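Reviewing the structure listed below.
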Amino acid sequence: MANYDYDIAVIGGGAAGLTVSAGAAQLGAKTLIIEKEPALGGDCLHFGCVPSKTLIKSAHVYHNIQRTSDYGLPDIERPPVDFSKVASRIQSVIDTIQVHDSVERFCKLGAKVEFGAPRFIDEHSVELNGKVISAKNWVVATGSSSAAPPFPGLENTPYITNKEIFYLDTLPKSMIVLGAGPIAVEMAQSFARLGSKVTVIQRSGQILSKEDKDMADIAMASMEADGVRFYLDTDIKLIRDLGHERLVEITDNKGKNVILTASTLLVALGRKPNTQGLGLEEIGVNMTRKGIIVDTKLRTNHSHIYAPGDVNGAYQFTHAAGYEGGIVISNAIFHLPRKADYTWMPWATYCDPELASIGMNEKAAKSAGLDYQIWTEKFSDNDRALAEGEEIGKIKMILDGSEKPLGVQIVGPRAGDLIGEWVAILNGKVKLSAIAGAIHPYPTLAEINKRVVGSYLSPKIFSPTIKKGLKFFFNLKGSACDPSSDIP
C-alpha cells in the first residue's frame, strides 16, 4: 500500500476548498490546503460576494437619501461620494471575515496551509515551492476568473474586472459595462446610484439572460429609473483606448452604428476556469474550456481527484461550491457514495429589486417541453411592501401538469431571503396545502409566499361544486349580498 504525505490535499482556499478542508481535518484526515493567493477566502471573499454586497449596501443607503420625501421626511442634500471611504469600508468587512478564513483557524481544525503555485507531476503528487508533496486524494478547487472576450481592440485597452472594481481610488465619472449577467447588473446599478454615468452593453435581448424575461425586465426598469442606460441585442465592433476615455463601437438592435465613451470600462462577460499551470493536462485530467469534467460524485476521470466549485463550470455560486464540497467529503472521507443533486439549487442576483430563483423557471420548463401552469402575486398587494415603499415586483410559482412545483422565482424586496422558505418547502417535499395552512406573521414580505399558494388553492376550495355540496348537506342559505344590486 502506497505511503502518501497526506490523506487529502486541497488546491484552492475558496468556498469549495475550505469546506472540504474543514470537514476532512475535523474528521481526522491528515489535510493540506494549498493557496496561490497570499490569503485564504477565494474569489468570494476578496473579489466577489462579500465586497459586492458591501458595495451594494453603501449604494442602497446613498440612494435612499434622495427618497426621504417618499417617506414623509424632509429632503436632504446629498454630498458627492468619496469612493475611497466606500472602498475602505469594503476592506474592513473583508478583514473581519478573513479571521474566519485564517491560517490559524484551519491549523486549529487540523489542516496545514501552504502558499504557492502547485503543479502535478503525477496523479498523486505535486511540486510546490521546490518540494514534492503527495496525497491519497486530491481536490482541485481553484475556482474561476473573469474572461476577456476576443473583441477587436480590447487587448490594447485598459479595463477592469471584478478583481479591481472594489479597490478603485475614486468614483468613475462614467462607466461602460460589457455584459448584463449578475455581476454586471449589480455593479452597474450600484455605481449609477453612487453617481457614475453607467451604460450597459448586452449581446442578447435581455439582461440576466438565464432568467425569465418578464422577471428580468422588472429589474431592468428599476435600473433605468436609477439612470442606467441599456443597449441590448447588440454587436460589439471595436474597443479603443482614447487615453482619458475608453471607446466602444457597437451595432444596436436597429442595425445602427453607435459610438460610446466612458472613463472606465468594466468587462463582466463570463468566467473561465482557473486551471492554468496546474499540469492537469499532463496527468490526463479531462477538461473543456468551461471547466474540469466531473461525474455526479464530483470525481474527475481519475477517481481520487475531485473538482468541486467554479472550476468544473457547472453552478458558479458560493453556496453551490460549499454544497459540492460536502459531496466530496462524503465520497473521499466517509466513502459513502453520494451524488450531487441540483434540482432545487437556489440563486439570487442582488440588484434592487432582487431577483431570486429555485428550480425551473418558465424558460427552462418551456425548453424542456413540459406542460406547466403559472401562478403569480404582486408585491403591490403585500401590506408590508406598501408600508416600506418597496412594492415593485412579483412572485411566480410554476407547477407541472400534475400540479407539483417545478420552481419559484421572486423579483422584489429581499427576494434572496424570501426564496429561503421555498428552499425548505421544495427540499422537504412539503405539500402546498401545508403552506397555505401555515401561519405567517403579519405584516411581512414572506406572506407573499403563502398568498401565491392560496391563489392556486382558492379556486379549488371555493368552487361552485364545493359550495353546492355544503349548501345541500348543511342547509346553508348562500350569499347575503347581491353584487349586481346598488350598494347603499
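Every chain in the C-alpha cells takes a letter, A first, then B, and so on in the order presented; its residues are numbered from 1, and the ligands are numbered from 1 following the presented order.
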Within 8 Å of range 313-329 of chain A using only C-alpha atoms, minus same-chain residues under 3 positions, as a list in words
Ala15, Ala16, Gly17, Thr19, Val20, Gly23, Ala24, Cys44, Cys49, Lys272, Pro273, Lys290, Gly291, Ile292, Lys297, Leu298, Tyr306, Pro308, Gly309, Asp310, Ala332, Ile333, Phe334, Arg338, Lys339, Ala340, Met345 and Trp347 of chain A
Generate the output file for the selected residues, N, CA and C atoms, as a compact mmCIF listing (two decimals), in the first residue's frame.
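Result file selection_9.txt:
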# COMPACT_ATOMS: atom_id res chain seq x y z
N ALA A 15 -14.47 28.80 -1.30
CA ALA A 15 -15.61 28.16 -0.63
C ALA A 15 -15.56 26.64 -0.69
N ALA A 16 -15.33 26.08 -1.88
CA ALA A 16 -15.31 24.62 -2.02
C ALA A 16 -14.12 24.02 -1.28
N GLY A 17 -12.94 24.59 -1.52
CA GLY A 17 -11.74 24.04 -0.90
C GLY A 17 -11.75 24.10 0.61
N THR A 19 -14.41 24.25 2.56
CA THR A 19 -15.43 23.32 3.06
C THR A 19 -14.87 21.92 3.18
N VAL A 20 -14.18 21.46 2.12
CA VAL A 20 -13.57 20.13 2.15
C VAL A 20 -12.51 20.05 3.24
N GLY A 23 -13.97 20.07 6.88
CA GLY A 23 -14.65 18.81 7.18
C GLY A 23 -13.68 17.65 7.31
N ALA A 24 -12.76 17.52 6.35
CA ALA A 24 -11.82 16.41 6.36
C ALA A 24 -10.92 16.45 7.59
N CYS A 44 -14.77 34.78 -3.66
CA CYS A 44 -15.97 35.28 -2.98
C CYS A 44 -15.63 36.31 -1.92
N CYS A 49 -18.62 37.94 -3.71
CA CYS A 49 -19.82 38.07 -2.86
C CYS A 49 -19.70 39.12 -1.77
N LYS A 272 -13.88 31.98 -16.70
CA LYS A 272 -13.06 30.88 -17.20
C LYS A 272 -12.49 30.12 -16.01
N PRO A 273 -12.32 28.80 -16.12
CA PRO A 273 -11.80 28.01 -15.00
C PRO A 273 -10.33 28.30 -14.76
N LYS A 290 -14.92 25.14 -20.56
CA LYS A 290 -15.80 25.58 -19.47
C LYS A 290 -15.31 25.11 -18.10
N GLY A 291 -14.52 24.03 -18.07
CA GLY A 291 -14.04 23.56 -16.78
C GLY A 291 -13.65 22.09 -16.79
N ILE A 292 -13.27 21.61 -15.60
CA ILE A 292 -12.89 20.21 -15.43
C ILE A 292 -14.14 19.34 -15.47
N LYS A 297 -20.45 12.50 -8.56
CA LYS A 297 -19.77 12.45 -7.25
C LYS A 297 -18.63 13.47 -7.19
N LEU A 298 -18.56 14.32 -8.18
CA LEU A 298 -17.55 15.37 -8.30
C LEU A 298 -16.16 14.81 -8.56
N TYR A 306 -10.82 15.10 -7.24
CA TYR A 306 -12.14 15.73 -7.26
C TYR A 306 -12.01 17.18 -7.72
N PRO A 308 -14.63 20.25 -7.15
CA PRO A 308 -15.86 20.97 -6.79
C PRO A 308 -15.73 22.47 -7.05
N GLY A 309 -16.86 23.16 -7.11
CA GLY A 309 -16.85 24.61 -7.23
C GLY A 309 -16.78 25.11 -8.67
N ASP A 310 -16.47 26.39 -8.82
CA ASP A 310 -16.48 27.05 -10.13
C ASP A 310 -15.60 26.37 -11.17
N ALA A 332 -14.93 11.03 -0.43
CA ALA A 332 -13.49 10.84 -0.24
C ALA A 332 -13.13 10.44 1.19
N ILE A 333 -13.88 10.91 2.18
CA ILE A 333 -13.54 10.64 3.58
C ILE A 333 -14.42 9.55 4.18
N PHE A 334 -15.74 9.71 4.04
CA PHE A 334 -16.65 8.70 4.58
C PHE A 334 -16.74 7.46 3.70
N ARG A 338 -22.27 9.41 -2.56
CA ARG A 338 -23.28 10.46 -2.54
C ARG A 338 -23.16 11.28 -3.82
N LYS A 339 -24.27 11.47 -4.49
CA LYS A 339 -24.29 12.19 -5.76
C LYS A 339 -24.85 13.60 -5.57
N ALA A 340 -24.31 14.52 -6.34
CA ALA A 340 -24.82 15.89 -6.30
C ALA A 340 -26.18 15.95 -6.98
N MET A 345 -31.51 23.86 -6.64
CA MET A 345 -30.42 24.80 -6.42
C MET A 345 -30.97 26.24 -6.48
N TRP A 347 -30.63 30.50 -6.37
CA TRP A 347 -29.64 31.55 -6.66
C TRP A 347 -30.33 32.91 -6.59
Within 7 Å of range 86-96 of chain A, counting only C-alpha atoms, which residues qualify if same-chain residues fewer than 4 places away don't, as a list of chain:residue names?
A:Leu45, A:His46, A:Val50, A:Pro51, A:Thr54, A:Leu55, A:Asp82, A:Phe166, A:Tyr167
Please, which residues of range 155-314 of chain A, numbered as in this document, come out helix (DSSP H, G or I) from DSSP, as a PyMOL selection string?
chain A and resi 155-156+165-167+182-194+213-225+310-312
Who sits within 8 Å of Gly13 in chain A, only C-alpha atoms, same chain under 5 positions skipped, as a PyMOL selection string:
chain A and resi 18+33-35+40-42+141-142
Next, dump the selected residues to file, keeping only N, CA and C atoms, as a PDB file, in the first residue's frame.
ATOM      1  N   LEU A  18     -12.217  25.211   1.179  1.00  0.00           N
ATOM      2  CA  LEU A  18     -12.240  25.345   2.635  1.00  0.00           C
ATOM      3  C   LEU A  18     -13.304  24.465   3.267  1.00  0.00           C
ATOM      4  N   ILE A  33      -3.971  22.295   2.700  1.00  0.00           N
ATOM      5  CA  ILE A  33      -4.577  23.300   1.819  1.00  0.00           C
ATOM      6  C   ILE A  33      -3.443  24.036   1.115  1.00  0.00           C
ATOM      7  N   ILE A  34      -3.558  24.167  -0.202  1.00  0.00           N
ATOM      8  CA  ILE A  34      -2.575  24.935  -0.976  1.00  0.00           C
ATOM      9  C   ILE A  34      -3.300  26.100  -1.646  1.00  0.00           C
ATOM     10  N   GLU A  35      -2.831  27.305  -1.369  1.00  0.00           N
ATOM     11  CA  GLU A  35      -3.466  28.503  -1.934  1.00  0.00           C
ATOM     12  C   GLU A  35      -2.432  29.352  -2.648  1.00  0.00           C
ATOM     13  N   LEU A  40      -6.312  33.172   2.433  1.00  0.00           N
ATOM     14  CA  LEU A  40      -7.421  32.268   2.165  1.00  0.00           C
ATOM     15  C   LEU A  40      -8.705  33.073   1.955  1.00  0.00           C
ATOM     16  N   GLY A  41      -9.720  32.403   1.436  1.00  0.00           N
ATOM     17  CA  GLY A  41     -11.017  33.051   1.255  1.00  0.00           C
ATOM     18  C   GLY A  41     -11.522  33.020  -0.167  1.00  0.00           C
ATOM     19  N   GLY A  42     -10.608  32.976  -1.122  1.00  0.00           N
ATOM     20  CA  GLY A  42     -11.011  32.841  -2.513  1.00  0.00           C
ATOM     21  C   GLY A  42     -11.657  34.073  -3.104  1.00  0.00           C
ATOM     22  N   ALA A 141      -9.877  22.787  -6.396  1.00  0.00           N
ATOM     23  CA  ALA A 141     -10.959  23.734  -6.140  1.00  0.00           C
ATOM     24  C   ALA A 141     -10.436  25.156  -6.367  1.00  0.00           C
ATOM     25  N   THR A 142      -9.901  25.378  -7.551  1.00  0.00           N
ATOM     26  CA  THR A 142      -9.209  26.633  -7.856  1.00  0.00           C
ATOM     27  C   THR A 142     -10.128  27.731  -8.374  1.00  0.00           C
TER      28      THR A 142
END
Within range 183-317 of chain A, find each residue whose DSSP state, derived from the backbone, is strand (DSSP E), and express the selection as JSON, numbers by chain.
{"A": [197, 198, 199, 200, 201, 229, 230, 231, 235, 236, 237, 238, 239, 240, 241, 246, 247, 248, 249, 250, 251, 257, 258, 259, 260, 261, 262, 264, 265, 266, 267, 271, 272, 273, 287, 288, 291, 292, 305, 306]}
Closest to Leu265 in chain A among A:Pro172, A:Ser330, A:Ile305, A:Trp344, using only C-alpha atoms?
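Selected residue with least distance to Leu265 in chain A: A:Pro172.
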Could you state the separation of CA of Leu260 in chain A and CA of Ile236 in chain A in Å, given to one decimal place?
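Going from CA of Leu260 in chain A over to CA of Ile236 in chain A covers 10.9 Å.
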Counting only C-alpha atoms, what is within 6 Å of Leu406 in chain A, bar same-chain residues fewer than 6 positions away, as a ChimeraX atom specification?
/A:359-360,398-399
For the selection you just gave me, I'd like the residues written to a file as a PDB file, in the first residue's frame, keeping C-alpha atoms.
ATOM      1  CA  GLY A 359     -35.851  25.029  -9.525  1.00  0.00           C
ATOM      2  CA  MET A 360     -37.042  25.535 -13.090  1.00  0.00           C
ATOM      3  CA  ILE A 398     -44.573  27.220 -11.719  1.00  0.00           C
ATOM      4  CA  LEU A 399     -46.451  23.915 -11.395  1.00  0.00           C
TER       5      LEU A 399
END
Which residues come within 8 Å of Ala147 in chain A, counting only C-alpha atoms, excluding same-chain residues fewer than 3 positions away, as a ChimeraX atom specification?
/A:268-272
Using only C-alpha atoms, the shortest atom-to-atom distance to Thr261 in chain A among A:Ala365, A:Ile201, A:Ile435, A:Ile448 belongs to A:Ile201
Please produce, as CSV, a per-residue contact table for range 367-470 of chain A versus range 207-228 of chain A (criterion: any atom at most 9 Å away, only C-alpha atoms considered), showing the nearest atom pair and its distance in Å to one decimal, sorted by chain then residue number.
residue,atom,partner,partner_atom,distance
A:Ile392,CA,A:Ile218,CA,7.8
A:Gly393,CA,A:Ile218,CA,6.6
A:Lys394,CA,A:Met215,CA,8.1
A:Lys396,CA,A:Met215,CA,8.8
A:Gln409,CA,A:Met215,CA,8.0
A:Ile410,CA,A:Met215,CA,7.8
A:Val411,CA,A:Met215,CA,6.2
A:Gly412,CA,A:Ala219,CA,8.5
Could you write out that same residue set with N, CA and C atoms as a PDB file, in the first residue's frame?
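Contents of again26.pdb, as written:
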ATOM      1  N   ILE A 392     -42.462  47.207  -5.850  1.00  0.00           N
ATOM      2  CA  ILE A 392     -42.144  46.748  -7.205  1.00  0.00           C
ATOM      3  C   ILE A 392     -41.778  45.271  -7.185  1.00  0.00           C
ATOM      4  N   GLY A 393     -42.406  44.473  -8.072  1.00  0.00           N
ATOM      5  CA  GLY A 393     -42.028  43.071  -8.218  1.00  0.00           C
ATOM      6  C   GLY A 393     -43.168  42.106  -8.037  1.00  0.00           C
ATOM      7  N   LYS A 394     -42.830  40.825  -8.130  1.00  0.00           N
ATOM      8  CA  LYS A 394     -43.841  39.780  -8.007  1.00  0.00           C
ATOM      9  C   LYS A 394     -43.176  38.446  -7.700  1.00  0.00           C
ATOM     10  N   LYS A 396     -43.534  34.282  -8.713  1.00  0.00           N
ATOM     11  CA  LYS A 396     -44.013  33.463  -9.829  1.00  0.00           C
ATOM     12  C   LYS A 396     -43.794  31.990  -9.477  1.00  0.00           C
ATOM     13  N   GLN A 409     -39.803  31.789  -8.755  1.00  0.00           N
ATOM     14  CA  GLN A 409     -38.961  32.962  -8.982  1.00  0.00           C
ATOM     15  C   GLN A 409     -39.587  34.150  -8.255  1.00  0.00           C
ATOM     16  N   ILE A 410     -38.744  34.964  -7.683  1.00  0.00           N
ATOM     17  CA  ILE A 410     -39.201  36.163  -6.982  1.00  0.00           C
ATOM     18  C   ILE A 410     -38.354  37.330  -7.431  1.00  0.00           C
ATOM     19  N   VAL A 411     -39.004  38.398  -7.865  1.00  0.00           N
ATOM     20  CA  VAL A 411     -38.315  39.658  -8.100  1.00  0.00           C
ATOM     21  C   VAL A 411     -39.006  40.689  -7.218  1.00  0.00           C
ATOM     22  N   GLY A 412     -38.254  41.218  -6.269  1.00  0.00           N
ATOM     23  CA  GLY A 412     -38.860  42.127  -5.316  1.00  0.00           C
ATOM     24  C   GLY A 412     -37.955  42.353  -4.125  1.00  0.00           C
TER      25      GLY A 412
END
When you count only C-alpha atoms, which of these residues is closest to Ala9 in chain A: A:Ser21, A:Asn312, A:Ser380, A:Asn162?
A:Ser21
